[in-house]
file my_file_16.cif (mmCIF, C-alpha atoms and all ligand atoms)
data_target
#
loop_
_atom_site.label_atom_id
_atom_site.label_comp_id
_atom_site.auth_asym_id
_atom_site.auth_seq_id
_atom_site.Cartn_x
_atom_site.Cartn_y
_atom_site.Cartn_z
CA MET K 1138 191.25 142.48 177.95
CA SER K 1139 188.56 139.91 177.39
CA THR K 1140 186.12 139.41 180.22
CA ARG K 1141 185.61 136.12 182.05
CA TYR K 1142 182.57 135.24 184.10
CA ARG K 1143 181.75 132.09 185.98
CA PHE K 1144 178.73 130.18 187.14
CA ALA K 1145 179.56 128.16 190.24
CA PRO K 1146 176.83 125.77 191.32
CA SER K 1147 177.30 123.06 193.92
CA PRO K 1148 176.30 119.69 192.44
CA THR K 1149 174.21 118.82 195.47
CA GLY K 1150 170.84 119.07 193.75
CA TYR K 1151 169.09 119.99 190.52
CA LEU K 1152 169.20 123.54 189.21
CA HIS K 1153 166.12 125.56 190.06
CA VAL K 1154 164.92 128.88 188.72
CA GLY K 1155 167.09 130.87 191.13
CA ASN K 1156 170.30 129.15 189.98
CA ALA K 1157 169.23 129.27 186.36
CA ARG K 1158 168.74 133.01 186.64
CA LEU K 1159 172.30 133.52 187.86
CA ALA K 1160 173.69 131.22 185.19
CA LEU K 1161 171.77 133.12 182.54
CA ILE K 1162 172.81 136.56 183.81
CA ASN K 1163 176.46 135.54 183.85
CA TRP K 1164 176.19 134.04 180.38
CA LEU K 1165 174.36 137.04 178.95
CA SER K 1166 176.89 139.42 180.47
CA ALA K 1167 179.74 137.43 178.95
CA LYS K 1168 178.09 137.39 175.51
CA LYS K 1169 177.29 141.07 175.72
CA ASP K 1170 180.99 141.84 176.30
CA GLY K 1171 182.27 139.31 173.78
CA GLY K 1172 183.80 137.49 176.75
CA GLU K 1173 183.32 134.00 178.08
CA MET K 1174 181.76 132.12 180.95
CA ILE K 1175 183.25 129.11 182.66
CA LEU K 1176 181.35 126.50 184.62
CA ARG K 1177 182.82 125.78 188.02
CA LEU K 1178 181.47 122.90 190.01
CA ASP K 1179 181.78 123.59 193.73
CA ASP K 1180 181.98 119.91 194.56
CA THR K 1181 184.21 119.88 197.65
CA ASP K 1182 181.39 118.62 199.85
CA GLU K 1183 181.99 114.94 199.21
CA ASP K 1184 178.98 113.82 201.18
CA ARG K 1185 176.46 115.83 199.20
CA SER K 1186 177.99 116.30 195.75
CA THR K 1187 177.27 113.66 193.15
CA GLU K 1188 178.33 112.97 189.58
CA ALA K 1189 174.69 112.57 188.68
CA TYR K 1190 173.85 116.11 189.81
CA ALA K 1191 176.97 117.43 188.04
CA ALA K 1192 175.77 115.82 184.82
CA ALA K 1193 172.21 117.04 185.35
CA ILE K 1194 173.39 120.62 185.86
CA GLN K 1195 175.23 120.53 182.54
CA GLU K 1196 172.26 119.02 180.80
CA ASP K 1197 169.91 121.65 182.21
CA LEU K 1198 172.22 124.51 181.24
CA LYS K 1199 172.39 123.14 177.71
CA TRP K 1200 168.63 122.90 177.65
CA LEU K 1201 168.52 126.62 178.43
CA GLY K 1202 170.89 127.13 175.49
CA LEU K 1203 173.85 128.16 177.66
CA ASP K 1204 177.40 127.01 177.09
CA TRP K 1205 180.73 127.48 178.82
CA SER K 1206 184.30 127.73 177.62
CA GLU K 1207 185.75 125.51 180.34
CA LEU K 1208 184.57 123.15 183.03
CA LYS K 1209 186.42 123.24 186.35
CA LYS K 1210 185.90 121.08 189.39
CA GLN K 1211 186.96 122.21 192.83
CA SER K 1212 187.45 118.60 193.87
CA GLU K 1213 190.48 118.52 191.53
CA ARG K 1214 192.07 121.64 192.92
CA SER K 1215 193.21 120.75 196.42
CA GLU K 1216 196.86 121.40 195.60
CA ALA K 1217 196.09 125.00 194.61
CA TYR K 1218 194.13 125.49 197.84
CA ARG K 1219 196.95 124.02 199.89
CA ARG K 1220 199.39 126.48 198.33
CA ALA K 1221 197.09 129.41 199.05
CA PHE K 1222 196.78 128.22 202.64
CA GLU K 1223 200.58 128.28 202.97
CA THR K 1224 200.79 131.74 201.39
CA LEU K 1225 198.18 133.21 203.71
CA LYS K 1226 199.75 131.55 206.73
CA ALA K 1227 203.21 132.85 205.81
CA ALA K 1228 201.70 136.32 205.42
CA GLY K 1229 200.33 136.14 208.95
CA ARG K 1230 196.72 136.24 207.74
CA LEU K 1231 195.69 132.83 209.09
CA TYR K 1232 195.60 131.86 212.72
CA PRO K 1233 194.75 128.58 214.38
CA CYS K 1234 191.70 128.40 216.64
CA TYR K 1235 190.70 125.57 218.91
CA GLU K 1236 187.20 126.35 220.14
CA THR K 1237 184.60 123.66 219.70
CA GLY K 1238 181.23 124.39 218.12
CA GLU K 1239 179.61 124.45 221.56
CA GLU K 1240 182.17 126.87 222.92
CA LEU K 1241 181.62 129.21 220.01
CA ASP K 1242 177.91 128.96 220.46
CA TYR K 1243 178.19 129.84 224.12
CA LYS K 1244 180.36 132.86 223.35
CA ARG K 1245 177.89 134.02 220.72
CA LYS K 1246 174.97 133.80 223.14
CA ARG K 1247 176.85 135.67 225.84
CA ARG K 1248 177.68 138.51 223.46
CA LEU K 1249 174.08 138.68 222.30
CA ALA K 1250 172.88 138.80 225.89
CA ARG K 1251 175.19 141.75 226.44
CA LYS K 1252 173.81 143.39 223.30
CA LEU K 1253 177.14 143.02 221.52
CA PRO K 1254 177.35 141.93 217.87
CA PRO K 1255 177.87 138.15 217.84
CA VAL K 1256 181.26 138.26 216.17
CA TYR K 1257 184.25 136.10 217.01
CA ASP K 1258 186.27 137.69 219.84
CA ARG K 1259 189.66 136.70 218.43
CA ALA K 1260 190.54 134.95 221.67
CA ALA K 1261 192.74 132.52 219.73
CA LEU K 1262 195.06 135.38 218.77
CA GLU K 1263 196.05 135.59 222.42
CA LEU K 1264 197.16 131.96 222.61
CA THR K 1265 200.85 131.44 223.28
CA GLU K 1266 202.84 128.69 221.62
CA ALA K 1267 202.65 126.81 224.91
CA ASP K 1268 198.83 127.17 225.02
CA LYS K 1269 198.57 125.81 221.50
CA ALA K 1270 200.89 122.90 222.24
CA LYS K 1271 198.80 122.05 225.28
CA LEU K 1272 195.53 122.14 223.32
CA GLU K 1273 197.01 119.96 220.62
CA ALA K 1274 198.34 117.54 223.20
CA GLU K 1275 194.71 117.25 224.43
CA GLY K 1276 193.87 116.08 220.92
CA ARG K 1277 192.35 119.31 219.64
CA LYS K 1278 192.91 120.04 215.97
CA PRO K 1279 192.87 123.67 214.90
CA HIS K 1280 190.58 125.28 212.41
CA TRP K 1281 192.04 128.34 210.70
CA ARG K 1282 190.60 131.82 210.60
CA PHE K 1283 191.49 134.60 208.21
CA LYS K 1284 192.54 137.73 210.07
CA LEU K 1285 190.49 140.51 208.59
CA ASP K 1286 191.86 143.99 208.35
CA GLN K 1287 189.37 145.90 210.43
CA VAL K 1288 188.86 148.63 207.87
CA VAL K 1289 185.93 149.67 205.73
CA ILE K 1290 185.82 147.48 202.63
CA ARG K 1291 184.46 149.21 199.55
CA TRP K 1292 183.55 148.22 196.03
CA GLU K 1293 181.54 149.51 193.12
CA ASP K 1294 178.87 146.88 192.58
CA MET K 1295 177.37 146.43 189.11
CA VAL K 1296 173.90 146.22 190.66
CA ARG K 1297 174.09 147.86 194.07
CA GLY K 1298 176.36 150.79 193.24
CA SER K 1299 178.83 151.83 195.96
CA VAL K 1300 178.93 149.27 198.74
CA GLU K 1301 180.71 149.64 202.04
CA VAL K 1302 181.10 146.92 204.65
CA ASP K 1303 182.89 147.56 207.91
CA GLY K 1304 185.49 144.83 208.38
CA ALA K 1305 185.33 145.42 212.13
CA SER K 1306 181.70 144.32 212.18
CA MET K 1307 182.52 140.85 210.88
CA SER K 1308 183.94 137.70 212.39
CA ASP K 1309 187.25 136.53 211.04
CA PRO K 1310 186.01 133.82 208.70
CA VAL K 1311 187.03 130.21 209.11
CA LEU K 1312 188.86 129.21 205.94
CA ILE K 1313 190.00 125.73 206.91
CA ARG K 1314 188.07 123.30 209.06
CA SER K 1315 189.71 121.24 211.77
CA ASP K 1316 189.66 118.21 209.47
CA GLY K 1317 191.83 120.18 207.03
CA ARG K 1318 189.10 120.77 204.45
CA PRO K 1319 188.77 124.31 203.12
CA LEU K 1320 185.34 125.90 203.40
CA TYR K 1321 183.79 127.81 200.50
CA HIS K 1322 185.67 131.15 200.74
CA MET K 1323 189.27 130.33 199.97
CA PRO K 1324 188.65 127.90 197.08
CA SER K 1325 186.26 130.38 195.53
CA VAL K 1326 188.82 133.19 195.62
CA VAL K 1327 191.72 130.98 194.55
CA ASP K 1328 189.69 129.73 191.59
CA ASP K 1329 188.63 133.22 190.62
CA ILE K 1330 192.32 134.20 190.61
CA ASP K 1331 193.64 131.13 188.80
CA PHE K 1332 190.88 131.11 186.22
CA ALA K 1333 191.38 134.83 185.54
CA ILE K 1334 187.79 135.71 186.38
CA THR K 1335 187.15 139.39 185.75
CA HIS K 1336 183.48 139.57 186.82
CA VAL K 1337 181.67 137.78 189.64
CA ILE K 1338 177.90 137.93 189.48
CA ARG K 1339 176.10 136.08 192.23
CA GLY K 1340 173.17 136.32 194.59
CA GLU K 1341 172.87 139.13 197.10
CA ASP K 1342 173.20 136.54 199.88
CA HIS K 1343 176.93 136.77 199.05
CA VAL K 1344 177.38 140.49 199.75
CA SER K 1345 179.14 140.00 203.07
CA ASN K 1346 181.19 137.14 201.60
CA THR K 1347 182.37 139.55 198.93
CA ALA K 1348 183.75 141.88 201.58
CA LEU K 1349 185.76 138.95 202.98
CA HIS K 1350 186.79 137.79 199.54
CA ILE K 1351 188.13 141.21 198.60
CA GLN K 1352 190.55 141.00 201.50
CA ILE K 1353 191.54 137.45 200.56
CA PHE K 1354 192.19 138.51 196.94
CA GLU K 1355 194.39 141.30 198.23
CA ALA K 1356 196.17 139.07 200.72
CA LEU K 1357 196.98 136.68 197.89
CA GLY K 1358 198.38 139.58 195.87
CA ALA K 1359 195.72 139.33 193.18
CA SER K 1360 193.61 141.99 191.55
CA VAL K 1361 190.00 142.10 192.67
CA PRO K 1362 187.32 141.29 190.09
CA THR K 1363 184.25 143.41 189.48
CA PHE K 1364 181.26 142.24 191.52
CA GLY K 1365 177.54 142.30 190.94
CA HIS K 1366 174.96 141.03 193.43
CA ILE K 1367 171.54 140.13 192.14
CA PRO K 1368 168.61 140.38 194.57
CA LEU K 1369 167.03 137.03 195.29
CA LEU K 1370 163.84 135.73 193.77
CA MET K 1371 160.73 135.90 195.93
CA GLY K 1372 157.40 134.16 195.57
CA PRO K 1373 154.42 135.88 193.93
CA ASP K 1374 153.20 137.20 197.31
CA GLY K 1375 156.56 138.83 198.05
CA GLY K 1376 157.52 136.16 200.61
CA PRO K 1377 160.38 133.73 200.15
CA LEU K 1378 159.94 131.34 197.26
CA SER K 1379 157.97 128.45 198.60
CA LYS K 1380 158.87 124.86 197.97
CA ARG K 1381 156.17 124.73 195.36
CA GLU K 1382 157.45 127.66 193.31
CA GLY K 1383 161.11 128.12 194.09
CA SER K 1384 162.15 124.56 194.22
CA GLN K 1385 160.76 124.05 190.78
CA SER K 1386 163.75 122.47 189.18
CA LEU K 1387 164.44 123.12 185.54
CA ARG K 1388 163.74 119.46 184.88
CA GLU K 1389 160.31 119.73 186.41
CA LEU K 1390 159.59 122.77 184.28
CA ARG K 1391 160.78 120.94 181.19
CA ALA K 1392 158.71 117.89 182.07
CA ASN K 1393 155.71 120.18 182.48
CA GLY K 1394 156.11 121.43 178.93
CA ILE K 1395 157.74 124.76 179.66
CA GLU K 1396 159.88 125.99 176.77
CA ALA K 1397 163.50 126.89 177.50
CA MET K 1398 163.02 130.20 175.69
CA ALA K 1399 160.12 131.07 177.99
CA VAL K 1400 162.37 130.49 181.01
CA ASP K 1401 165.20 132.49 179.42
CA SER K 1402 162.90 135.34 178.40
CA LEU K 1403 161.43 135.62 181.88
CA LEU K 1404 164.60 135.21 183.92
CA ALA K 1405 166.57 137.71 181.84
CA ARG K 1406 164.07 140.45 182.69
CA LEU K 1407 162.62 139.59 186.11
CA GLY K 1408 163.76 142.19 188.60
CA THR K 1409 164.87 144.67 185.95
CA SER K 1410 163.41 148.00 184.95
CA GLU K 1411 162.43 146.49 181.57
CA ASN K 1412 159.23 144.67 180.73
CA VAL K 1413 159.36 140.94 180.21
CA GLU K 1414 159.30 140.24 176.48
CA ILE K 1415 159.00 136.99 174.63
CA CYS K 1416 162.23 136.31 172.79
CA HIS K 1417 162.80 133.57 170.26
CA SER K 1418 166.55 133.32 170.59
CA LEU K 1419 169.27 134.00 173.10
CA GLU K 1420 170.84 136.43 170.61
CA GLU K 1421 167.69 138.51 170.88
CA ILE K 1422 167.94 138.43 174.68
CA VAL K 1423 171.62 139.40 174.58
CA ALA K 1424 170.77 142.40 172.41
CA GLY K 1425 168.31 143.74 174.99
CA PHE K 1426 170.34 142.81 178.06
CA ASP K 1427 172.04 145.19 180.45
CA ILE K 1428 173.13 144.14 183.93
CA HIS K 1429 172.61 147.72 185.09
CA HIS K 1430 168.88 147.34 184.52
CA PHE K 1431 168.61 145.03 187.51
CA SER K 1432 167.01 146.75 190.43
CA ARG K 1433 168.04 146.42 194.06
CA ALA K 1434 164.58 145.24 194.99
CA ALA K 1435 163.78 141.54 195.16
CA ALA K 1436 162.12 140.12 192.07
CA LYS K 1437 158.96 138.06 192.21
CA PHE K 1438 158.81 134.74 190.43
CA ASP K 1439 155.30 133.62 189.62
CA PRO K 1440 154.88 130.18 188.03
CA ALA K 1441 151.58 131.41 186.54
CA GLU K 1442 153.45 134.20 184.74
CA LEU K 1443 155.86 131.63 183.32
CA ALA K 1444 153.02 129.39 182.16
CA ASN K 1445 151.36 132.37 180.54
CA LEU K 1446 154.55 133.42 178.80
CA ASN K 1447 155.06 129.85 177.66
CA ALA K 1448 151.65 129.76 176.01
CA LYS K 1449 152.22 133.13 174.32
CA LEU K 1450 155.59 131.96 173.03
CA LEU K 1451 154.06 128.78 171.59
CA HIS K 1452 151.36 130.82 169.88
CA GLN K 1453 154.08 132.80 168.10
CA LEU K 1454 156.41 129.97 167.15
CA ASP K 1455 156.86 129.38 163.46
CA TRP K 1456 156.82 125.93 161.99
CA ALA K 1457 160.57 126.14 161.32
CA GLU K 1458 161.20 126.69 165.02
CA VAL K 1459 159.29 123.61 166.15
CA LYS K 1460 159.27 121.10 163.36
CA ASP K 1461 162.27 119.19 164.64
CA ARG K 1462 160.87 118.91 168.13
CA LEU K 1463 157.22 118.28 167.41
CA ALA K 1464 157.69 114.55 166.89
CA ILE K 1465 154.31 114.04 165.20
CA PRO K 1466 154.86 112.06 162.00
CA GLY K 1467 152.83 113.60 159.20
CA ALA K 1468 152.20 116.92 160.92
CA ASP K 1469 152.92 119.90 158.70
CA GLU K 1470 152.94 123.66 158.73
CA THR K 1471 149.22 123.94 158.02
CA PHE K 1472 148.44 121.78 161.03
CA TRP K 1473 150.86 123.74 163.22
CA ASN K 1474 149.44 127.08 162.17
CA ALA K 1475 145.93 125.82 162.84
CA VAL K 1476 146.58 124.61 166.39
CA ARG K 1477 149.46 126.64 167.84
CA GLY K 1478 147.14 129.33 169.19
CA ASN K 1479 145.47 126.75 171.42
CA LEU K 1480 148.55 125.26 173.06
CA THR K 1481 149.72 125.80 176.59
CA LYS K 1482 152.54 123.33 176.04
CA LEU K 1483 154.03 121.82 172.93
CA ASP K 1484 152.75 118.37 173.79
CA ASP K 1485 149.16 119.60 173.52
CA ALA K 1486 149.70 119.53 169.76
CA LYS K 1487 149.60 115.73 169.96
CA ASP K 1488 146.04 115.87 171.29
CA TRP K 1489 145.00 118.10 168.41
CA TRP K 1490 146.68 115.78 165.94
CA GLN K 1491 144.60 112.97 167.38
CA VAL K 1492 141.52 115.14 167.04
CA VAL K 1493 142.10 115.93 163.39
CA ARG K 1494 143.42 112.57 162.31
CA GLY K 1495 141.23 110.46 164.52
CA PRO K 1496 139.98 108.12 165.50
CA MET K 1497 137.97 110.20 167.95
CA THR K 1498 134.51 109.75 169.35
CA PRO K 1499 132.16 112.52 168.25
CA VAL K 1500 129.83 114.15 170.75
CA VAL K 1501 126.35 113.92 169.25
CA GLU K 1502 123.50 115.75 170.96
CA ASN K 1503 121.09 116.06 168.06
CA ALA K 1504 121.55 113.39 165.39
CA ASP K 1505 118.89 114.85 163.07
CA PHE K 1506 120.59 118.21 163.00
CA LEU K 1507 123.94 116.62 162.18
CA ARG K 1508 122.38 114.47 159.45
CA ALA K 1509 120.89 117.60 157.89
CA ALA K 1510 124.25 119.34 158.19
CA ALA K 1511 126.05 116.44 156.50
CA GLU K 1512 123.85 116.87 153.44
CA GLN K 1513 124.99 120.48 153.08
CA LEU K 1514 128.72 119.77 153.14
CA PRO K 1515 130.10 121.49 150.00
CA ASP K 1516 131.28 119.29 147.19
CA GLY K 1517 134.87 119.30 146.04
CA GLU K 1518 137.99 119.94 148.03
CA ILE K 1519 137.57 121.01 151.65
CA THR K 1520 139.42 124.30 152.10
CA PRO K 1521 139.46 126.93 154.86
CA GLU K 1522 136.63 128.66 152.95
CA SER K 1523 134.43 125.56 153.16
CA TRP K 1524 133.40 126.19 156.77
CA LYS K 1525 131.74 129.51 155.94
CA ALA K 1526 129.96 128.15 152.89
CA TRP K 1527 128.87 125.04 154.78
CA THR K 1528 127.56 126.76 157.90
CA THR K 1529 125.71 129.32 155.76
CA ALA K 1530 123.96 126.48 153.96
CA VAL K 1531 123.22 124.64 157.24
CA LYS K 1532 121.80 127.83 158.71
CA GLU K 1533 119.50 128.28 155.71
CA THR K 1534 118.17 124.72 155.78
CA THR K 1535 117.84 124.21 159.54
CA GLY K 1536 117.25 127.75 160.76
CA ALA K 1537 119.90 127.25 163.49
CA LYS K 1538 122.20 130.18 164.12
CA GLY K 1539 124.93 131.37 166.47
CA LYS K 1540 125.96 128.92 169.12
CA ALA K 1541 123.13 126.51 168.26
CA LEU K 1542 124.60 126.28 164.78
CA PHE K 1543 128.32 126.12 165.53
CA MET K 1544 128.53 124.20 168.80
CA PRO K 1545 126.91 120.92 167.67
CA LEU K 1546 129.23 120.90 164.65
CA ARG K 1547 132.32 121.56 166.74
CA LEU K 1548 131.31 118.91 169.29
CA ALA K 1549 130.68 116.35 166.60
CA LEU K 1550 133.85 117.08 164.67
CA THR K 1551 136.31 117.58 167.50
CA GLY K 1552 134.65 116.06 170.57
CA ARG K 1553 135.30 119.27 172.53
CA PRO K 1554 133.54 122.57 173.06
CA HIS K 1555 136.64 124.73 172.45
CA GLY K 1556 139.59 124.68 170.17
CA PRO K 1557 141.22 126.06 167.05
CA GLU K 1558 139.20 127.87 164.41
CA MET K 1559 136.90 125.41 162.67
CA ASN K 1560 137.68 126.78 159.22
CA ASN K 1561 141.29 125.67 159.71
CA LEU K 1562 140.40 122.32 161.25
CA LEU K 1563 137.92 121.30 158.62
CA PRO K 1564 140.42 120.68 155.78
CA LEU K 1565 142.69 118.84 158.21
CA ILE K 1566 139.89 116.50 159.31
CA GLY K 1567 138.94 115.82 155.70
CA ARG K 1568 135.69 114.85 154.03
CA GLU K 1569 135.66 111.21 154.98
CA ASN K 1570 136.13 111.80 158.71
CA ILE K 1571 133.77 114.78 158.71
CA LEU K 1572 130.99 112.62 157.29
CA ALA K 1573 131.76 109.75 159.65
CA ARG K 1574 131.70 111.99 162.70
CA LEU K 1575 128.49 113.73 161.65
CA THR K 1576 126.79 110.35 161.67
CA GLY K 1577 128.19 109.57 165.10
CA ARG K 1578 130.80 107.11 163.92
CA ALA K 1579 134.28 107.30 165.29
CA GLY K 1580 136.44 108.66 162.50
N1 LIG X 1 178.66 127.45 195.08
C1 LIG X 1 178.39 128.77 195.56
C2 LIG X 1 176.90 128.97 195.63
O1 LIG X 1 176.18 128.29 194.91
C3 LIG X 1 179.03 129.76 194.62
C4 LIG X 1 178.87 131.17 195.02
C5 LIG X 1 179.70 132.07 194.13
O2 LIG X 1 179.22 132.40 193.06
O3 LIG X 1 180.82 132.38 194.51
O4 LIG X 1 176.41 129.76 196.42
#

call {"tool": "encode", "arguments": {"input": "my_file_16.cif", "output": "structure tokens", "more": "lines below"}}
Ligand code: GLU
result
Amino acid sequence: MSTRYRFAPSPTGYLHVGNARLALINWLSAKKDGGEMILRLDDTDEDRSTEAYAAAIQEDLKWLGLDWSELKKQSERSEAYRRAFETLKAAGRLYPCYETGEELDYKRKRRLARKLPPVYDRAALELTEADKAKLEAEGRKPHWRFKLDQVVIRWEDMVRGSVEVDGASMSDPVLIRSDGRPLYHMPSVVDDIDFAITHVIRGEDHVSNTALHIQIFEALGASVPTFGHIPLLMGPDGGPLSKREGSQSLRELRANGIEAMAVDSLLARLGTSENVEICHSLEEIVAGFDIHHFSRAAAKFDPAELANLNAKLLHQLDWAEVKDRLAIPGADETFWNAVRGNLTKLDDAKDWWQVVRGPMTPVVENADFLRAAAEQLPDGEITPESWKAWTTAVKETTGAKGKALFMPLRLALTGRPHGPEMNNLLPLIGRENILARLTGRAG
């Protein structure tokens, strides 16, 4: 049987690194098995879900290189949820409750004060038909709780191994609110059943939900998928991801010049027993991917590590991999090979193009020295070998050596103290501009 995974974001904001990691892990798992991943938009919260976020999520996933075999929206599935509600009710697994939020809060505090776990006391199960009729006559509308079997719920988790949760330690979850809207649990399970999901990989914040969901799957007569819970991402100091790091949306990263493959390479390996490696394609990541390599410990996400990886990736990229994205008319492979080692983001290449093509303003500290140097510029075509021949001649005539020889030339020719190897830049700048810049003219 072919495997089916799903990524189920709520379109109430932009995807950030934490979401992207789960999307990627689901996608990689699907590819590894030769299965598929669907995209499910959990858009039942009408107040917070927007079409714009739904579109942005799809755009960001595509940017990462991820695709999905089907797109499903929970907002279009109310009929399926209504049917499941009827099934569960008929099976005696749903019961109406009438407590207000304040009443529940009060009960919770009283239990805590008595050192009891703050679980729901199932008082509503004791209500008689007459009690319910009276409450409804007062204008109270019921919310509906799922009656958990108070047994130990077990599953073999792809990441956590054997997991056991005691059903008796949990509150019966509310599945339907008093306004009739289903909360997250039931739609999620109904969708996983109807969309034939075989594997559910999500954050470890869902572990206790999974225990509930297993009972809902069973109550609906469905087989239970395989689960995997990925530990959450932490900040570089081991604390929760701060706004600055964790809320980095994929669009911010993209706007800051981070390459999608740097994000993919990092997120596929963070929190695993394997070292992070720079990959140039998702196929390469799939080949080295194994969900079982994820550890149970929280992973640290460090924006500095991502920036570093991004730079290293750029330094390795071949011309063929970037030429369509570079968007610098006239730039060629020689230029790319000369400058790629100095980029921290792809856009930096534009600055170097400006440096080689000009016009740029040379930095001139010693005009006499530069005039003497200009006279030594080798005749004929400027090639990568010209720099060595030229500087040897300049050294012989002026006596300058080391930094005193190279720095004034670099400053005059590029306007900056650091940059790509001069032997590679020289042919790109060309004789005319070299001579202009050595005499202090913008060229
Ligand atoms: N929309 C839910 C979330 O983002 C989906 C959780 C799940 O994967 O079931 O937390």

call {"tool": "atom_distance", "arguments": {"input": "my_file_16.cif", "atom1": "atom CA of Leu1201 of chain K", "atom2": "atom CA of Gly1298 of chain K"}}
result
29.4 Å

call {"tool": "closest_residue", "arguments": {"input": "my_file_16.cif", "among": "K:Lys1210, K:His1280, K:Lys1482, K:Lys1199", "to": "ligand LIG 1 (chain X)", "atoms": "only C-alpha atoms and all ligand atoms"}}
result
K:Lys1210

call {"tool": "atom_distance", "arguments": {"input": "my_file_16.cif", "atom1": "atom CA of Pro1545 of chain K", "atom2": "atom CA of Gly1467 of chain K"}}
result
28.2 Å

call {"tool": "residues_near_point", "arguments": {"input": "my_file_16.cif", "point": "(199.0, 132.2, 208.3)", "cutoff": "12 Å", "atoms": "all atoms listed in the file", "output": "list in words"}}
result
Arg1219, Arg1220, Ala1221, Phe1222, Glu1223, Thr1224, Leu1225, Lys1226, Ala1227, Ala1228, Gly1229, Arg1230, Leu1231, Tyr1232, Pro1233, Cys1234, Leu1262, His1280, Trp1281, Arg1282, Phe1283, Lys1284, Leu1285, Leu1312, Ile1313, Ile1353, Ala1356 and Leu1357 of chain K

call {"tool": "write_last_selection", "arguments": {"input": "my_file_16.cif", "atoms": "C-alpha atoms", "output": "short mmCIF file (atom, residue, chain, number, x, y, z; two decimals), in the frame of the given file"}}
result
data_model
loop_
_atom_site.label_atom_id
_atom_site.label_comp_id
_atom_site.auth_asym_id
_atom_site.auth_seq_id
_atom_site.Cartn_x
_atom_site.Cartn_y
_atom_site.Cartn_z
CA ARG K 1219 196.95 124.02 199.89
CA ARG K 1220 199.39 126.48 198.33
CA ALA K 1221 197.09 129.41 199.05
CA PHE K 1222 196.78 128.22 202.64
CA GLU K 1223 200.58 128.28 202.97
CA THR K 1224 200.79 131.74 201.39
CA LEU K 1225 198.18 133.21 203.71
CA LYS K 1226 199.75 131.55 206.73
CA ALA K 1227 203.21 132.85 205.81
CA ALA K 1228 201.70 136.32 205.42
CA GLY K 1229 200.33 136.14 208.95
CA ARG K 1230 196.72 136.24 207.74
CA LEU K 1231 195.69 132.83 209.09
CA TYR K 1232 195.60 131.86 212.72
CA PRO K 1233 194.75 128.58 214.38
CA CYS K 1234 191.70 128.40 216.64
CA LEU K 1262 195.06 135.38 218.77
CA HIS K 1280 190.58 125.28 212.41
CA TRP K 1281 192.04 128.34 210.70
CA ARG K 1282 190.60 131.82 210.60
CA PHE K 1283 191.49 134.60 208.21
CA LYS K 1284 192.54 137.73 210.07
CA LEU K 1285 190.49 140.51 208.59
CA LEU K 1312 188.86 129.21 205.94
CA ILE K 1313 190.00 125.73 206.91
CA ILE K 1353 191.54 137.45 200.56
CA ALA K 1356 196.17 139.07 200.72
CA LEU K 1357 196.98 136.68 197.89
#

call {"tool": "residues_around", "arguments": {"input": "my_file_16.cif", "residues": "segment 1427-1433 of chain K", "least_positions_apart": "2", "cutoff": "10 Å", "atoms": "all atoms listed in the file", "output": "PyMOL selection string"}}
result
chain K and resi 1162-1163+1165-1166+1169+1294-1298+1338+1341+1365-1369+1405-1411+1422-1425+1435-1436

call {"tool": "write_last_selection", "arguments": {"input": "my_file_16.cif", "atoms": "C-alpha atoms", "output": "short mmCIF file (atom, residue, chain, number, x, y, z; two decimals), in the coordinates of the input"}}
result
data_model
loop_
_atom_site.label_atom_id
_atom_site.label_comp_id
_atom_site.auth_asym_id
_atom_site.auth_seq_id
_atom_site.Cartn_x
_atom_site.Cartn_y
_atom_site.Cartn_z
CA ILE K 1162 172.81 136.56 183.81
CA ASN K 1163 176.46 135.54 183.85
CA LEU K 1165 174.36 137.04 178.95
CA SER K 1166 176.89 139.42 180.47
CA LYS K 1169 177.29 141.07 175.72
CA ASP K 1294 178.87 146.88 192.58
CA MET K 1295 177.37 146.43 189.11
CA VAL K 1296 173.90 146.22 190.66
CA ARG K 1297 174.09 147.86 194.07
CA GLY K 1298 176.36 150.79 193.24
CA ILE K 1338 177.90 137.93 189.48
CA GLU K 1341 172.87 139.13 197.10
CA GLY K 1365 177.54 142.30 190.94
CA HIS K 1366 174.96 141.03 193.43
CA ILE K 1367 171.54 140.13 192.14
CA PRO K 1368 168.61 140.38 194.57
CA LEU K 1369 167.03 137.03 195.29
CA ALA K 1405 166.57 137.71 181.84
CA ARG K 1406 164.07 140.45 182.69
CA LEU K 1407 162.62 139.59 186.11
CA GLY K 1408 163.76 142.19 188.60
CA THR K 1409 164.87 144.67 185.95
CA SER K 1410 163.41 148.00 184.95
CA GLU K 1411 162.43 146.49 181.57
CA ILE K 1422 167.94 138.43 174.68
CA VAL K 1423 171.62 139.40 174.58
CA ALA K 1424 170.77 142.40 172.41
CA GLY K 1425 168.31 143.74 174.99
CA ALA K 1435 163.78 141.54 195.16
CA ALA K 1436 162.12 140.12 192.07
#

call {"tool": "residues_near_point", "arguments": {"input": "my_file_16.cif", "point": "(126.0, 124.4, 154.4)", "cutoff": "7 Å", "atoms": "only C-alpha atoms", "output": "list in words"}}
result
Ala1510, Gln1513, Leu1514, Pro1515, Ala1526, Trp1527, Thr1528, Thr1529, Ala1530, Val1531 and Lys1532 of chain K

call {"tool": "atom_distance", "arguments": {"input": "my_file_16.cif", "atom1": "atom CA of Gly1375 of chain K", "atom2": "atom CA of Tyr1151 of chain K"}}
result
23.8 Å

call {"tool": "residues_around", "arguments": {"input": "my_file_16.cif", "residues": "Ser1306 of chain K", "least_positions_apart": "5", "cutoff": "12 Å", "atoms": "all atoms listed in the file", "output": "list of chain:residue names"}}
result
K:Leu1253, K:Pro1254, K:Pro1255, K:Val1256, K:Tyr1257, K:Asp1258, K:Leu1285, K:Asp1286, K:Gln1287, K:Val1288, K:Val1289, K:Ile1290, K:Glu1301, K:Ser1345, K:Ala1348, K:Leu1349
